[in-house]
>>> print(open('model_11.csv').read())   # CSV, C-alpha atoms
chain,number,residue,atom,x,y,z
A,18,MET,CA,15.0,-15.8,51.6
A,19,ASN,CA,17.5,-14.9,49.0
A,20,ARG,CA,15.5,-14.1,45.9
A,21,ASN,CA,18.4,-13.0,43.8
A,22,PRO,CA,21.2,-15.5,44.3
A,23,THR,CA,23.4,-14.1,41.5
A,24,GLY,CA,23.2,-10.5,42.8
A,25,LEU,CA,22.8,-9.4,39.2
A,26,SER,CA,20.5,-6.8,37.7
A,27,PRO,CA,18.9,-7.3,34.3
A,28,ARG,CA,21.1,-6.0,31.4
A,29,PHE,CA,19.9,-6.0,27.9
A,30,HIS,CA,21.4,-6.3,24.4
A,31,ASN,CA,19.5,-6.3,21.1
A,32,GLU,CA,19.2,-9.3,19.0
A,33,VAL,CA,16.7,-11.1,16.7
A,34,PRO,CA,15.4,-14.1,18.5
A,35,GLN,CA,15.0,-17.4,16.7
A,36,ASP,CA,11.7,-17.5,14.7
A,37,ASP,CA,11.3,-13.7,15.0
A,38,ASP,CA,11.7,-11.0,12.4
A,39,ARG,CA,13.0,-8.0,14.3
A,40,GLU,CA,15.4,-7.1,17.1
A,41,ARG,CA,14.3,-7.5,20.7
A,42,ARG,CA,15.8,-6.7,24.0
A,43,VAL,CA,17.4,-9.9,25.4
A,44,CYS,CA,18.9,-10.1,28.9
A,45,ASP,CA,22.6,-10.8,28.9
A,46,HIS,CA,22.3,-12.8,32.1
A,47,CYS,CA,19.3,-15.0,31.6
A,48,GLY,CA,18.2,-14.8,28.0
A,49,PHE,CA,14.8,-13.3,28.8
A,50,VAL,CA,13.3,-11.7,25.7
A,51,ASP,CA,11.5,-8.5,26.5
A,52,TYR,CA,9.0,-8.1,23.7
A,53,GLU,CA,8.1,-4.5,24.8
A,54,ASN,CA,4.6,-4.6,23.5
A,55,PRO,CA,2.7,-1.4,23.2
A,56,ARG,CA,1.0,-0.6,26.5
A,57,ILE,CA,-2.6,0.3,26.9
A,58,ILE,CA,-3.6,3.3,29.0
A,59,VAL,CA,-7.3,3.3,30.1
A,60,GLY,CA,-9.1,6.4,31.4
A,61,SER,CA,-12.3,8.4,31.3
A,62,VAL,CA,-13.9,11.7,30.8
A,63,ALA,CA,-16.1,11.3,33.9
A,64,ILE,CA,-19.1,13.6,34.2
A,65,TRP,CA,-21.2,14.8,37.0
A,66,GLU,CA,-23.9,17.3,36.1
A,67,ASP,CA,-22.0,19.0,33.3
A,68,ARG,CA,-18.8,19.1,35.2
A,69,VAL,CA,-15.8,16.9,34.4
A,70,LEU,CA,-13.4,15.2,36.9
A,71,LEU,CA,-9.8,16.2,36.7
A,72,CYS,CA,-6.9,15.2,38.9
A,73,ARG,CA,-3.8,17.2,39.7
A,74,ARG,CA,-0.9,14.8,39.5
A,75,ALA,CA,1.2,14.0,42.7
A,76,ILE,CA,3.7,12.0,40.7
A,77,GLU,CA,6.1,12.4,37.8
A,78,PRO,CA,5.9,12.9,34.9
A,79,ARG,CA,4.0,16.2,34.9
A,80,ARG,CA,3.6,16.4,38.7
A,81,GLY,CA,1.3,19.4,39.6
A,82,TYR,CA,-0.5,19.3,36.2
A,83,TRP,CA,-4.2,18.4,35.6
A,84,THR,CA,-5.1,15.2,33.9
A,85,LEU,CA,-8.0,12.8,33.4
A,86,PRO,CA,-8.1,9.7,35.7
A,87,ALA,CA,-6.2,7.2,33.6
A,88,GLY,CA,-3.3,4.7,33.9
A,89,PHE,CA,-1.9,1.5,32.6
A,90,MET,CA,-4.4,-1.3,32.1
A,91,GLU,CA,-3.7,-4.4,34.2
A,92,LYS,CA,-3.9,-8.0,33.1
A,93,GLY,CA,-7.2,-9.6,34.2
A,94,GLU,CA,-9.4,-6.6,33.5
A,95,SER,CA,-11.3,-5.2,30.5
A,96,PRO,CA,-10.5,-1.7,29.3
A,97,GLY,CA,-13.7,-0.4,30.9
A,98,GLU,CA,-12.9,-2.1,34.2
A,99,GLY,CA,-9.5,-0.5,34.1
A,100,ALA,CA,-11.0,2.9,33.6
A,101,ARG,CA,-13.2,2.4,36.6
A,102,ARG,CA,-10.3,1.2,38.7
A,103,GLU,CA,-8.2,4.2,37.8
A,104,ALA,CA,-11.0,6.6,38.7
A,105,TRP,CA,-11.1,5.0,42.1
A,106,GLU,CA,-7.4,4.9,42.6
A,107,GLU,CA,-6.8,8.5,41.6
A,108,ALA,CA,-10.0,10.2,42.7
A,109,ARG,CA,-11.9,7.8,44.9
A,110,ALA,CA,-14.6,8.2,42.3
A,111,GLU,CA,-17.2,5.6,41.3
A,112,LEU,CA,-18.4,5.7,37.8
A,113,GLU,CA,-20.4,3.9,35.1
A,114,VAL,CA,-18.5,3.5,31.9
A,115,ASP,CA,-20.4,4.5,28.7
A,116,GLN,CA,-18.9,4.6,25.2
A,117,LEU,CA,-15.3,4.5,24.0
A,118,LEU,CA,-14.6,8.2,23.2
A,119,GLY,CA,-11.1,8.1,21.8
A,120,VAL,CA,-8.3,5.8,20.8
A,121,TYR,CA,-5.2,7.8,20.9
A,122,SER,CA,-2.1,6.0,19.6
A,123,VAL,CA,1.3,7.4,20.5
A,124,PRO,CA,3.6,5.1,18.5
A,125,HIS,CA,6.9,6.6,19.4
A,126,VAL,CA,6.4,5.8,23.1
A,127,GLY,CA,4.4,2.6,22.4
A,128,HIS,CA,1.2,3.7,24.1
A,129,VAL,CA,-2.4,3.3,23.0
A,130,GLN,CA,-4.8,5.3,25.1
A,131,MET,CA,-8.4,4.1,25.3
A,132,ILE,CA,-10.5,6.9,26.9
A,133,TYR,CA,-14.1,6.2,27.8
A,134,ARG,CA,-17.1,8.5,28.3
A,135,ALA,CA,-18.3,7.9,31.9
A,136,ARG,CA,-20.9,9.1,34.4
A,137,LEU,CA,-20.0,9.6,38.0
A,138,LEU,CA,-22.3,7.9,40.4
A,139,SER,CA,-22.0,10.8,42.9
A,140,ASP,CA,-19.9,13.9,43.4
A,141,THR,CA,-18.1,12.3,46.3
A,142,ILE,CA,-14.4,12.5,45.3
A,143,ALA,CA,-11.1,12.7,47.1
A,144,PRO,CA,-7.5,12.5,46.1
A,145,GLY,CA,-5.9,9.0,45.9
A,146,PRO,CA,-2.2,8.5,46.5
A,147,GLU,CA,-1.2,9.7,43.0
A,148,SER,CA,-3.2,12.9,43.1
A,149,GLU,CA,-2.6,16.2,44.9
A,150,GLU,CA,-6.1,17.4,44.3
A,151,VAL,CA,-9.2,16.3,42.5
A,152,LYS,CA,-12.0,18.6,41.3
A,153,LEU,CA,-15.1,18.8,39.1
A,154,PHE,CA,-14.7,21.5,36.5
A,155,PRO,CA,-17.4,23.2,34.5
A,156,PHE,CA,-16.5,23.2,30.8
A,157,ASP,CA,-16.3,27.0,30.6
A,158,ALA,CA,-13.8,27.1,33.5
A,159,LEU,CA,-11.3,24.3,32.6
A,160,PRO,CA,-7.7,24.6,33.7
A,161,PRO,CA,-5.8,26.5,30.9
A,162,LEU,CA,-3.8,24.5,28.4
A,163,GLU,CA,-0.5,25.2,30.1
A,164,GLU,CA,-1.8,23.6,33.3
A,165,ARG,CA,-2.8,20.3,31.6
A,166,ALA,CA,-0.5,17.3,31.9
A,167,PHE,CA,-0.8,15.9,28.4
A,168,PRO,CA,-2.2,16.9,24.9
A,169,SER,CA,-4.6,13.9,25.1
A,170,VAL,CA,-6.4,15.6,28.0
A,171,SER,CA,-7.4,18.3,25.6
A,172,TRP,CA,-8.3,15.9,22.8
A,173,ALA,CA,-10.5,13.9,25.1
A,174,LEU,CA,-12.3,17.0,26.5
A,175,ARG,CA,-12.9,18.2,22.9
A,176,HIS,CA,-14.1,14.9,21.7
A,177,TYR,CA,-16.5,14.7,24.6
A,178,LEU,CA,-18.0,18.0,23.7
A,179,GLU,CA,-18.3,17.0,20.1
A,180,THR,CA,-20.1,13.8,20.9
A,181,ARG,CA,-22.0,14.5,24.1
A,182,GLU,CA,-25.4,14.3,22.5
A,183,ARG,CA,-24.7,11.1,20.6
A,184,ILE,CA,-25.1,7.5,21.6
A,185,ASP,CA,-23.5,5.5,18.8
A,186,PHE,CA,-20.4,7.0,17.3
A,187,ALA,CA,-16.9,6.0,16.2
A,188,PRO,CA,-14.1,6.7,18.8
A,189,ARG,CA,-12.0,9.6,17.8
A,190,SER,CA,-8.3,9.5,17.1
A,191,ALA,CA,-5.5,11.8,18.0
A,192,PRO,CA,-5.8,15.0,15.9
A,193,LEU,CA,-3.1,15.9,13.4
A,194,PRO,CA,-0.7,18.3,15.0
A,195,GLU,CA,-1.9,21.4,13.2
A,196,ALA,CA,-5.5,20.7,14.3
A,197,ASP,CA,-4.5,21.5,17.9
A,198,GLU,CA,-4.5,25.2,17.0
A,199,ALA,CA,-8.1,25.1,15.8
A,200,VAL,CA,-10.0,25.2,19.0
A,201,PRO,CA,-8.4,27.8,21.4
A,202,GLY,CA,-8.7,26.7,25.0
A,203,LEU,CA,-9.6,23.1,24.2
B,12,MET,CA,30.3,-13.6,21.2
B,13,ASN,CA,29.0,-15.1,24.4
B,14,ARG,CA,25.7,-13.3,25.0
B,15,ASN,CA,24.7,-15.3,28.0
B,16,PRO,CA,27.8,-15.6,30.3
B,17,THR,CA,25.9,-17.1,33.2
B,18,GLY,CA,24.3,-19.9,31.1
B,19,LEU,CA,21.0,-19.3,33.0
B,20,SER,CA,17.5,-19.1,31.7
B,21,PRO,CA,15.0,-16.7,33.2
B,22,ARG,CA,13.2,-18.1,36.3
B,23,PHE,CA,10.4,-16.1,37.9
B,24,HIS,CA,8.9,-15.9,41.4
B,25,ASN,CA,6.0,-13.7,42.4
B,26,GLU,CA,6.5,-10.7,44.7
B,27,VAL,CA,5.1,-7.1,45.2
B,28,PRO,CA,7.8,-4.7,43.9
B,29,GLN,CA,8.6,-1.6,45.8
B,30,ASP,CA,6.0,1.2,45.1
B,31,ASP,CA,3.7,-1.3,43.5
B,32,ASP,CA,0.4,-2.6,44.8
B,33,ARG,CA,0.2,-6.1,43.4
B,34,GLU,CA,2.3,-9.2,42.8
B,35,ARG,CA,4.5,-9.3,39.7
B,36,ARG,CA,6.7,-11.9,38.1
B,37,VAL,CA,10.3,-11.1,39.2
B,38,CYS,CA,13.3,-13.0,37.8
B,39,ASP,CA,15.2,-15.0,40.5
B,40,HIS,CA,18.5,-14.4,38.6
B,41,CYS,CA,18.5,-10.8,37.7
B,42,GLY,CA,15.6,-9.0,39.4
B,43,PHE,CA,13.8,-8.1,36.2
B,44,VAL,CA,10.2,-7.2,36.8
B,45,ASP,CA,7.9,-8.6,34.1
B,46,TYR,CA,4.8,-6.3,34.3
B,47,GLU,CA,2.9,-8.6,31.9
B,48,ASN,CA,0.7,-5.8,30.5
B,49,PRO,CA,-2.2,-6.8,28.5
B,50,ARG,CA,-1.2,-7.2,24.9
B,51,ILE,CA,-3.0,-5.7,21.9
B,52,ILE,CA,-3.9,-7.8,18.9
B,53,VAL,CA,-4.7,-5.9,15.7
B,54,GLY,CA,-6.5,-7.2,12.7
B,55,SER,CA,-9.1,-6.6,10.1
B,56,VAL,CA,-12.2,-7.7,8.3
B,57,ALA,CA,-10.8,-7.0,4.9
B,58,ILE,CA,-13.2,-6.9,2.0
B,59,TRP,CA,-12.9,-7.2,-1.7
B,60,GLU,CA,-16.2,-7.0,-3.6
B,61,ASP,CA,-18.4,-8.5,-0.9
B,62,ARG,CA,-15.9,-11.2,-0.1
B,63,VAL,CA,-13.8,-11.4,3.1
B,64,LEU,CA,-10.2,-12.4,3.4
B,65,LEU,CA,-9.5,-15.3,5.7
B,66,CYS,CA,-6.2,-17.2,6.3
B,67,ARG,CA,-5.7,-20.8,7.2
B,68,ARG,CA,-3.1,-20.9,10.0
B,69,ALA,CA,0.2,-22.6,9.4
B,70,ILE,CA,1.2,-22.2,13.0
B,71,GLU,CA,0.0,-23.1,16.5
B,72,PRO,CA,-2.3,-22.4,18.2
B,73,ARG,CA,-5.2,-23.6,15.9
B,74,ARG,CA,-3.0,-24.7,13.0
B,75,GLY,CA,-5.1,-25.5,10.0
B,76,TYR,CA,-8.1,-23.4,11.1
B,77,TRP,CA,-9.4,-20.2,9.4
B,78,THR,CA,-8.8,-16.8,10.9
B,79,LEU,CA,-8.7,-13.1,10.1
B,80,PRO,CA,-5.4,-11.5,9.4
B,81,ALA,CA,-4.4,-10.4,12.9
B,82,GLY,CA,-1.5,-10.5,15.3
B,83,PHE,CA,0.3,-8.7,18.1
B,84,MET,CA,0.7,-5.0,17.7
B,85,GLU,CA,4.3,-3.9,17.6
B,86,LYS,CA,5.8,-0.8,19.3
B,87,GLY,CA,6.3,2.1,16.9
B,88,GLU,CA,3.1,1.6,14.9
B,89,SER,CA,-0.5,2.6,15.4
B,90,PRO,CA,-3.2,0.0,15.6
B,91,GLY,CA,-4.3,0.7,12.0
B,92,GLU,CA,-0.8,0.4,10.8
B,93,GLY,CA,-0.5,-2.9,12.7
B,94,ALA,CA,-3.6,-4.2,11.0
B,95,ARG,CA,-2.1,-3.3,7.6
B,96,ARG,CA,1.2,-5.0,8.5
B,97,GLU,CA,-0.5,-8.2,9.6
B,98,ALA,CA,-2.5,-8.4,6.4
B,99,TRP,CA,0.7,-8.1,4.4
B,100,GLU,CA,2.6,-10.7,6.6
B,101,GLU,CA,-0.1,-13.3,6.6
B,102,ALA,CA,-1.8,-12.8,3.2
B,103,ARG,CA,0.5,-10.5,1.1
B,104,ALA,CA,-2.6,-8.3,1.0
B,105,GLU,CA,-2.7,-4.5,0.8
B,106,LEU,CA,-5.5,-2.7,2.4
B,107,GLU,CA,-7.0,0.6,3.4
B,108,VAL,CA,-8.1,0.6,7.0
B,109,ASP,CA,-11.5,2.1,7.7
B,110,GLN,CA,-13.3,2.1,11.0
B,111,LEU,CA,-12.7,0.3,14.3
B,112,LEU,CA,-15.2,-2.5,14.1
B,113,GLY,CA,-14.7,-4.3,17.4
B,114,VAL,CA,-12.7,-4.1,20.7
B,115,TYR,CA,-12.8,-7.6,22.1
B,116,SER,CA,-11.3,-7.9,25.5
B,117,VAL,CA,-10.2,-11.3,26.8
B,118,PRO,CA,-9.2,-10.5,30.4
B,119,HIS,CA,-8.2,-14.0,31.5
B,120,VAL,CA,-5.4,-14.2,28.9
B,121,GLY,CA,-4.7,-10.5,29.0
B,122,HIS,CA,-5.5,-9.7,25.4
B,123,VAL,CA,-7.4,-6.8,23.8
B,124,GLN,CA,-8.2,-7.3,20.2
B,125,MET,CA,-8.8,-4.3,18.0
B,126,ILE,CA,-10.3,-5.4,14.7
B,127,TYR,CA,-10.8,-2.8,11.9
B,128,ARG,CA,-13.0,-2.8,8.9
B,129,ALA,CA,-10.8,-2.6,5.8
B,130,ARG,CA,-11.0,-2.5,2.1
B,131,LEU,CA,-8.5,-4.6,0.0
B,132,LEU,CA,-6.7,-2.6,-2.7
B,133,SER,CA,-6.8,-5.6,-5.0
B,134,ASP,CA,-7.6,-9.3,-5.0
B,135,THR,CA,-4.0,-10.2,-5.3
B,136,ILE,CA,-3.3,-12.3,-2.2
B,137,ALA,CA,-0.9,-15.1,-1.4
B,138,PRO,CA,0.0,-17.1,1.8
B,139,GLY,CA,2.7,-15.5,4.0
B,140,PRO,CA,4.9,-17.7,6.2
B,141,GLU,CA,2.3,-18.1,8.9
B,142,SER,CA,-0.5,-19.1,6.5
B,143,GLU,CA,-1.1,-22.4,4.7
B,144,GLU,CA,-3.7,-20.9,2.4
B,145,VAL,CA,-5.5,-17.5,2.0
B,146,LYS,CA,-8.8,-17.0,0.3
B,147,LEU,CA,-11.6,-14.5,-0.3
B,148,PHE,CA,-14.9,-16.0,1.0
B,149,PRO,CA,-18.4,-14.8,0.0
B,150,PHE,CA,-20.5,-14.3,3.2
B,151,ASP,CA,-22.9,-17.0,2.2
B,152,ALA,CA,-20.1,-19.6,2.0
B,153,LEU,CA,-17.9,-18.9,5.0
B,154,PRO,CA,-16.0,-21.8,6.6
B,155,PRO,CA,-18.2,-23.5,9.1
B,156,LEU,CA,-17.9,-22.6,12.8
B,157,GLU,CA,-15.8,-25.7,13.6
B,158,GLU,CA,-13.2,-24.7,11.0
B,159,ARG,CA,-12.7,-21.2,12.5
B,160,ALA,CA,-9.7,-20.6,14.7
B,161,PHE,CA,-11.2,-18.4,17.4
B,162,PRO,CA,-14.6,-17.2,18.5
B,163,SER,CA,-13.6,-13.6,17.7
B,164,VAL,CA,-13.4,-14.5,14.0
B,165,SER,CA,-17.2,-15.1,14.2
B,166,TRP,CA,-17.8,-12.0,16.3
B,167,ALA,CA,-16.0,-9.8,13.8
B,168,LEU,CA,-17.7,-11.2,10.8
B,169,ARG,CA,-21.1,-10.8,12.5
B,170,HIS,CA,-20.2,-7.2,13.5
B,171,TYR,CA,-19.1,-6.4,10.0
B,172,LEU,CA,-22.5,-7.5,8.6
B,173,GLU,CA,-24.3,-5.6,11.3
B,174,THR,CA,-22.5,-2.3,10.4
B,175,ARG,CA,-21.6,-2.6,6.8
B,176,GLU,CA,-23.9,0.2,5.7
B,177,ARG,CA,-22.8,2.6,8.4
B,178,ILE,CA,-20.0,5.1,8.5
B,179,ASP,CA,-19.9,6.3,12.1
B,180,PHE,CA,-20.7,3.7,14.8
B,181,ALA,CA,-19.3,2.5,18.1
B,182,PRO,CA,-17.0,-0.5,18.0
B,183,ARG,CA,-18.7,-3.6,19.1
B,184,SER,CA,-17.6,-5.7,22.2
B,185,ALA,CA,-17.3,-9.4,22.6
B,186,PRO,CA,-20.8,-10.8,23.0
B,187,LEU,CA,-22.0,-12.5,26.2
B,188,PRO,CA,-21.4,-16.3,26.0
B,189,GLU,CA,-25.1,-17.1,25.4
B,190,ALA,CA,-25.3,-14.7,22.5
B,191,ASP,CA,-23.1,-17.0,20.4
B,192,GLU,CA,-26.0,-19.3,20.0
B,193,ALA,CA,-28.2,-16.7,18.5
B,194,VAL,CA,-26.9,-16.5,14.9
B,195,PRO,CA,-26.2,-20.0,13.6
B,196,GLY,CA,-23.3,-20.1,11.2
B,197,LEU,CA,-22.0,-16.7,12.3
>>> encode(input="model_11.csv", output="structure tokens")
Amino acid sequence: MNRNPTGLSPRFHNEVPQDDDRERRVCDHCGFVDYENPRIIVGSVAIWEDRVLLCRRAIEPRRGYWTLPAGFMEKGESPGEGARREAWEEARAELEVDQLLGVYSVPHVGHVQMIYRARLLSDTIAPGPESEEVKLFPFDALPPLEERAFPSVSWALRHYLETRERIDFAPRSAPLPEADEAVPGL
Amino acid sequence: MNRNPTGLSPRFHNEVPQDDDRERRVCDHCGFVDYENPRIIVGSVAIWEDRVLLCRRAIEPRRGYWTLPAGFMEKGESPGEGARREAWEEARAELEVDQLLGVYSVPHVGHVQMIYRARLLSDTIAPGPESEEVKLFPFDALPPLEERAFPSVSWALRHYLETRERIDFAPRSAPLPEADEAVPGL
């Protein structure tokens, strides 16, 4: 079945749609308005007996670097359900989601990361298609900074350690840039 | 300038794009994949001397009903900045954002609401283009349930009252449906 009778690809220009107050991407061909809303990334600091689950990425960006199980939230799920799905997809890990640990906003790329504290239901883990390797790391033997995929991996690990004894606390935010120097190794 | 040379409007069918694992909306005409990510709504319970700012909606849905200042987060801003922008757009109110009060996930419509506790910088408010009326309500004289635009208005007001004396607490979630009966008037 010919799904694309025009043979065209989407091509966007910028214009302010009617009843709107800012420029949006509008397709030259079909008039589709791409609102480019910020996207939600859901993930977890998932713990098994004082060790944390990390995944070595098999995909770009940052292929070969260690990250938390996390990814784009899908429609039809809650953020916590998304964090559970990502842990399954990336590490075949099952977990119980606990509290919201961090809300890390990255405005210039339009991402909001929602990272949960979570408890692994077992230490049975295995790489999913987007991971080269998955592993439980003790906190005194984490991958060094230069082997971590994103700054938010370090933020979330730090915020986990700061709040691990607490049961009711405000989610942490992305630190100011200079604060990253304050805790060597985290 | 003719921005839409084909004269077409977008028309979508469902298919699983290459390298994806679920059906997406793909435009018949141009092949655009509409990922339909969940959208973030940012807003606030904004307080001036024990009164809360509510706006009577001038637009659908729920035109004429009372709501918190809130709306879709835009790319390029943090959730807190979005909450401040919405308060300005809807009520010409300036506020200082405090803590994240609630994260209300509405999976079936693909929304995640992030509602902040906030302090108004003055009681100077005025309707923006999307509001018929804006007003500061004492908590013992709130609009009745049937005049509120959305259930989340009541959730956020209730969660504000539950946490108003606290400075470090976990954001609340949407209550289970039966819990809505528990606090008449809130």
>>> atom_distance(input="model_11.csv", atom1="atom CA of Ala160 of chain B", atom2="atom CA of Pro80 of chain B")
11.4 Å
>>> closest_atom_pairs(input="model_11.csv", of="chain B", to="chain A", cutoff="10 Å", atoms="all atoms listed in the file", output="CSV")
residue,atom,partner,partner_atom,distance
B:Asn13,CA,A:Asp45,CA,8.9
B:Arg14,CA,A:Asp45,CA,5.6
B:Asn15,CA,A:Asp45,CA,5.0
B:Pro16,CA,A:His46,CA,6.4
B:Thr17,CA,A:His46,CA,5.7
B:Gly18,CA,A:Cys47,CA,7.0
B:Leu19,CA,A:Cys47,CA,4.8
B:Ser20,CA,A:Cys47,CA,4.5
B:Pro21,CA,A:Cys47,CA,4.9
B:Arg22,CA,A:Cys47,CA,8.3
B:Phe23,CA,A:Arg20,CA,9.7
B:His24,CA,A:Arg20,CA,8.2
B:Glu26,CA,A:Arg20,CA,9.7
B:Val37,CA,A:Arg20,CA,9.0
B:Cys38,CA,A:Asn21,CA,7.9
B:Asp39,CA,A:Asn21,CA,5.0
B:His40,CA,A:Asn21,CA,5.4
B:Cys41,CA,A:Ser26,CA,4.5
B:Gly42,CA,A:Ser26,CA,5.6
B:Phe43,CA,A:Pro27,CA,5.5
B:Val44,CA,A:Pro27,CA,9.1
B:Asp45,CA,A:Asp51,CA,8.4
B:Tyr46,CA,A:Glu91,CA,8.7
B:Glu47,CA,A:Lys92,CA,6.9
B:Asn48,CA,A:Lys92,CA,5.7
B:Pro49,CA,A:Lys92,CA,5.0
B:Arg50,CA,A:Asn54,CA,6.5
B:Ile51,CA,A:Pro55,CA,7.3
B:Phe83,CA,A:Asn54,CA,8.0
B:Met84,CA,A:Pro55,CA,6.9
B:Glu85,CA,A:Asn54,CA,5.9
B:Lys86,CA,A:Gly127,CA,4.8
B:Gly87,CA,A:Pro124,CA,4.3
B:Glu88,CA,A:Pro124,CA,5.0
B:Ser89,CA,A:Ser122,CA,5.6
B:Pro90,CA,A:Ser122,CA,7.3
B:Gly91,CA,A:Ser122,CA,9.5
B:Gln110,CA,A:Ala187,CA,7.4
B:Leu111,CA,A:Ala187,CA,7.3
B:Leu112,CA,A:Ala187,CA,8.9
B:Val114,CA,A:Pro96,CA,9.2
B:Tyr115,CA,A:Ser95,CA,8.9
B:Ser116,CA,A:Ser95,CA,5.7
B:Val117,CA,A:Ser95,CA,7.2
B:Pro118,CA,A:Gly93,CA,4.4
B:His119,CA,A:Gly93,CA,5.3
B:Val120,CA,A:Gly93,CA,7.2
B:Gly121,CA,A:Lys92,CA,4.9
B:His122,CA,A:Lys92,CA,8.0
B:Val123,CA,A:Ser95,CA,7.9
B:Ile178,CA,A:Ala187,CA,8.3
B:Asp179,CA,A:Ala187,CA,5.1
B:Phe180,CA,A:Phe186,CA,4.2
B:Ala181,CA,A:Ala187,CA,4.6
B:Pro182,CA,A:Ala187,CA,6.7
>>> atom_distance(input="model_11.csv", atom1="atom CA of Pro154 of chain B", atom2="atom CA of Ala94 of chain B")
22.0 Å
>>> atom_distance(input="model_11.csv", atom1="atom CA of Tyr133 of chain A", atom2="atom CA of Gly119 of chain A")
7.0 Å
>>> closest_residue(input="model_11.csv", among="B:Met125, B:Ala57, B:Leu187, B:Leu106", to="Lys146 of chain B", atoms="all atoms listed in the file")
B:Ala57
>>> closest_residue(input="model_11.csv", among="B:Ile126, B:Leu79, B:Val53, B:Ile70", to="Gly93 of chain B", atoms="all atoms listed in the file")
B:Val53
>>> closest_residue(input="model_11.csv", among="B:Glu107, B:Asp32, B:Glu144, B:Asp61", to="Arg175 of chain B", atoms="only C-alpha atoms")
B:Asp61
>>> closest_residue(input="model_11.csv", among="B:Ile52, B:Ala69, B:Ile58, B:Val27", to="Gly139 of chain B", atoms="only C-alpha atoms")
B:Ala69
>>> residues_around(input="model_11.csv", residues="segment 131-136 of chain B", least_positions_apart="4", cutoff="10 Å", atoms="all atoms listed in the file", output="short mmCIF file (atom, residue, chain, number, x, y, z; two decimals) with C-alpha atoms, keeping the file's coordinate frame")
data_model
loop_
_atom_site.label_atom_id
_atom_site.label_comp_id
_atom_site.auth_asym_id
_atom_site.auth_seq_id
_atom_site.Cartn_x
_atom_site.Cartn_y
_atom_site.Cartn_z
CA VAL B 56 -12.20 -7.70 8.30
CA ALA B 57 -10.80 -7.00 4.90
CA ILE B 58 -13.20 -6.90 2.00
CA TRP B 59 -12.90 -7.20 -1.70
CA GLU B 60 -16.20 -7.00 -3.60
CA ARG B 62 -15.90 -11.20 -0.10
CA VAL B 63 -13.80 -11.40 3.10
CA LEU B 64 -10.20 -12.40 3.40
CA ALA B 98 -2.50 -8.40 6.40
CA TRP B 99 0.70 -8.10 4.40
CA GLU B 101 -0.10 -13.30 6.60
CA ALA B 102 -1.80 -12.80 3.20
CA ARG B 103 0.50 -10.50 1.10
CA ALA B 104 -2.60 -8.30 1.00
CA GLU B 105 -2.70 -4.50 0.80
CA LEU B 106 -5.50 -2.70 2.40
CA GLU B 107 -7.00 0.60 3.40
CA VAL B 108 -8.10 0.60 7.00
CA GLU B 144 -3.70 -20.90 2.40
CA VAL B 145 -5.50 -17.50 2.00
CA LYS B 146 -8.80 -17.00 0.30
CA LEU B 147 -11.60 -14.50 -0.30
#
